[in-house]
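Undergrad: Please see the structure below; I have some questions.
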Amino acid sequence: MRYLPHTTEDIEDMLQAVGARELDDLFAAIPPACRRQTPLLLPPPLTEWELTSHLEELAAQGGGDWRVFLGAGSQEHHIPALVPYLAGRSEFLTSYTPYQPEMSQGTLQAVFEFQTLISRLVGLEVTNASMYDGATALAEAALMAMRIVRRVTLVVSSLIHPHWREVLATYLAPRRDVNLVVLPAAADGRTDLSSLDSMPASCAPAAMLIQSPNIFGVFENLPASAKAIHTAGGLLISSFTEPFALGLSKTPGSLGADIVCGEAQSLGLPQGFGGPTLGLMSCAREYMRQIPGRLVGRTTDLEGNQAFVLTLSTREQHIRRSKAVSNICSNAGHCALTAGIFMAAIGGDGFRKMARVNLDRAEYLKAGLIRAGFAPLFSAPTFNEFVLKAPAGFAAVHRRLCRKRILAGFPLASWYPDLPELKDAWLFGVTETRTKADIDALLREVT
Amino acid sequence: MNESSFVPAGTRGLVLREGLLWEKGKPGRSAMSIPESGVPSASLPDDLAGPGPDWPNLSEQEVARHYTRLSTWNFGLDTGMYPLGSCTMKYNPKINEILAALPGFARAHPLLPDEAVQGELRLMHALEEYLAEITGLAAASLQPGAGAHGELCGMLMIAAYHRNAGSGRTKILIPDTSHGTNPASAAMCGFEEVKIPLGPGGYMEAATVRSLLTDEVAGLMVTNPNTLGLFESDLADVISLVHDRGGLVYADGANLNAIMGYADLGRIGVDVVHINTHKTLSTPHGGGGPGAGPVVVSRTLAPYLPGPRVVKNENGYGWNHDLPLSIGRIHGFYGQFRVLVRAYAYILSLGPELKKASALAVLNANYIKESLKDLYELPFDRPCMHECVFTDGRQKAVGVNTLDIAKRLIDLGFHPPTIYFPLVVNGAIMIEPTESESREELDAFIAAMRQVAREAEENPDLLLQAPTATKVRRLDEVSAARHPLLTGDMLY
């Protein structure tokens with residue numbers, strides 16, 4: 001087997017050196033009651049070529065060649081060849097967590113740079129080295145806010161990605177003390193904040209959780225959200241599924257968010273059927289000792305050279321065990337490195353321009369669909385995703401397009417069955433990967 | 001290897017300086033082509049519009065040089081031996097990187113209809129079955145994002161099981177040799193940790209567990225082999241005791257690489273185990289993830305697995321959302337799919353020879369243990385499994401400690417072992433070679449460790465000053481924590 005270097009002679013010599021007769025003798029410490037009684041029932045080993053054929057066959061039955069007009073937490077963006085090429089250097093890819101900083105400066109400086117560029121993107125001073133994905137980042141942000149404010153009520157926008165709210169519910173299930181207050185949608189497609197004013201003082205919230213742009217693609221009113229939750233003594237947790245929106249919009253930090261979390265798969269990572277992606281977590285400086293996950297800090301070595309190291313680890317499980325702020329250990333470090341390379345490649349100017357292309361093309365599709373008989377549902381501004389009410393018969397068109405491997409939007413009623421206004425409402429998304437020709441072709445199909 | 005002939009791999013080399021990203025580039029450059037939008041221009045209203053992030057603008061070559069130089073300051077598994085105990089740094093097959101990048105997988109949107117993603121679903125379904133076979137358990141979920149996330153998932157399932165049974169159990173038994181993630185995961189589920197002290201033989205004793213068991217105990221979290229590299233001798237009895245009192249058993253699969261094909265977690269009575277794919281199943285760790293932490297469960301816990309679950313149906317494969325007892329979603333979509341592709345490819349490359357991988361991992365660890373125990377203190381001198389734990393007990397007398405030994409190994413061209421863990425062993429040096437290392441490489445590591453022991457006696461300054469051959473010397477970690485500078489824009 002190509003991954004096992006031992007020759008028969010090596011094994012014999014080494015067995016002799018350790019005082020064993022055969023390999024199975026090394027397992028004498030396993031009591032009979034714990035032993036496996038049957039051989040591993042797995043397919044026989046494949047050669048590299050057989051393996052490749054098999055995986056190529058599976059990939060050919062995969063969804064990679066669809067033309068998709070949908071984001072909803074997973075965005076198709078161009079990835080320069082440079083990005084996976086550099087990220088794939090095995091000095092980065094085959095290293096472990098940088099516990100030995102003297103021989104891990106590459107990873108450490110790259111993550112320090114990532115933390116800096118993400119902090120600039122979201123407008124908050126502190127960013128950690130990553131979370132598993134956006135959904136788990138949101139759940140951890142909620143736990144973090146409850147620790148900081150020492151309250152157990154969370155105000156949650158119903159327009160956060162439904163999967164993310166499900167993950168939040170999973171994390172909170174054992175917490176019988178937590179109250180969730182769900183904010184409904186307002187008529188303009190933003191979260192309805194009015195119920196916050198009428199909340200009894202007794203349910204003092206730890207935080208409001210909101211997503212902008214939200215699941216309808218609509219920019220939320222973050223200043224009003226911040227004012228409402230800050231008045232009630234809680235923190236604003238602002239999340240996002242599409243960082244490119246920040247290429248054109250004000251930062252959540254500058255609009256009053258105390259904690260920002262998000263999904264950054266858009267920054268140079270393939271969609272990959274949903275994973276691995278990149279969870280972001282940033283916060284105001286005063287909360288840095290409560291943020292979960294790894295943090296890289298700048299320091300010096302004993303000769304005074306600039307150097308980087310994992311720091312503030314007294315927050316973490318390997319030091320504090322049951323008193324740690326989170327159990328997270330391995331995160332999405334290599335995805336953070338990849339996103340750092342992507343941000344360096346696209347640059348600030350390129351990011352703004354690419355965001356503009358996203359907005360322009362999305363507005364172009366939106367206008368075309370409206371001409372084709374779709375109706376706008378919400379008046380608030382959107383970025384590269386939007387919701388329209390489809391004309392009669394669109395479901396059949398959608399099915400017909402699926403046979404051509406085109407995904408023309410997502411029916412929101414399947415996520416919001418209790419909202420009659422979302423019957424026949426479809427969520428669409430367009431990025432720079434959908435050309436004018438792609439969009440025109442779709443419009444011809446639906447007209 | 002003749003010790004006097006040992007020539008360390010660590011040597012000098014040209015190390016290039018490289019500044020921070022934002023010290024490079026200038027406005028007007030870009031390393032990425034930006035398409036023209038080709039459609040009418042749109043804009044955001046003034047109250048929303050912002051300037052966009054202040055990121056540097058670099059050319060493609062500037063980006064390539066920056067990250068290539070950074071990479072040369074890193075030591076990876078492909079650079080040299082990485083015997084980091086409990087981390088199972090085995091070889092990461094290159095073909096698996098290519099397979100995980102196949103466009104059919106890499107470009108798949110997770111919300112495509114089931115019929116569009118039969119390849120992905122078929123792979124996930126088969127991988128779940130393989131993981132059940134390897135562990136001897138009944139069913140699996142691939143959703144958790146890394147090992148600790150798998151632990152959290154397991155504990156959420158145990159908590160849900162007891163909630164469903166109407167019992168308010170609040171305590172979890174955890175041996176004091178455990179990884180820090182165990183008590184941290186339990187705490188996130190509202191459980192209180194009850195520590196099981198280590199027995200004199202290096203394992204937890206059934207009698208100790210019996211004395212700690214009450215009706216408040218929801219379960220046991222156990223790492224087996226434990227972090228001393230020793231098989232938990234009393235485990236079957238311990239698990240019977242826990243089950244008899246109504247508790248469930250979570251096994252930390254961090255050390256699964258020691259026992260594939262040898263131990264049967266189903267027979268042992270484990271209710272849930274997580275698997276670190278970046279350990280046992282060879283997926284690259286990437287300097288901090290992404291891992292993947294699938295959980296495999298007994299029939300008792302199968303109804304509680306996260307959802308949705310991939311199922312085989314009349315149309316091929318699909319998602320089942322109708323899971324009344326499920327703990328729900330624990331990942332935004334279905335888990336770290338492209339990491340799981342690598343794990344699947346690894347299993348198919350070895351097949352039943354996974355058992356041999358475990359055997360050789362254990363052989364390598366015992367070989368190192370036998371070759372170093374005359375020079376380094378071995379707190380538990382028993383045949384070990386996949387890793388062995390020494391201490392600095394003998395070196396301390398000459399003023400040299402575990403950290404110094406580790407740092408000197410760097411100069412000699414090796415990544416150090418895990419140090420100061422497990423916490424129950426003072427000055428621990430935890431060595432896990434994995435099956436990937438050849439006998440010659442083990443001999444070179446042994447020679448290096450022996451040289452360090454000799455230097456500790458003869459010239460301890462070599463250890464105290466180490467490392468000297470690296471990009472930077474030892475760091476001021478105290479200032480880093482006291483005055484955190486976490487971004488290039490943070491000032492003190």
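Residues are named by chain letter and number: chains run A, B, ... in the order of the structure tokens, numbers start at 1 in each chain, and ligands are numbered from 1 in the order shown.
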Tell me, as a list in words, which residues lie within 10 Å of Trp319 (chain B), counting only C-alpha atoms; anything in the same chain fewer than 3 positions away does not count.
TA: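 Everything that qualifies: Pro113, Asp114, Leu121, Gly307, Pro308, Arg309, Val310, Val311, Lys312, Asn313 and Asp322 of chain B.
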Undergrad: Run DSSP on the backbone and grab whatever in region 175-408 of chain B lands in strand (DSSP E or B); send it over as number ranges by chain.
TA: B: 175, 192-196, 217-223, 248-252, 263, 272-274, 295-297, 309-313, 316-320, 377, 388-391
Undergrad: When you draw a straight line from CA of Ala428 (chain B) to CA of Glu477 (chain B), how long is it in Å?
TA: 20.5 Å
Undergrad: Of the candidates A:Ala324, A:Met144, A:Leu235, A:Val260, which shows the shortest atom-to-atom distance to chain B, using only C-alpha atoms?
TA: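 That would be A:Ala324, the residue with the smallest distance to chain B.
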Undergrad: Mind giving me the straight-line distance from CA of Ala159 (chain B) to CA of Phe191 (chain B) in Å, one decimal?
TA: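 One can read the CA of Ala159 (chain B) to CA of Phe191 (chain B) distance as 8.6 Å.
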Undergrad: Within 12 Å of Asp13 (chain A), counting only C-alpha atoms, which residues show up once you throw out same-chain ones fewer than 6 positions away? Write them as JSON, numbers by chain, please.
TA: {"A": [6, 7, 19, 20, 21, 22, 23], "B": [363, 364, 367, 439]}
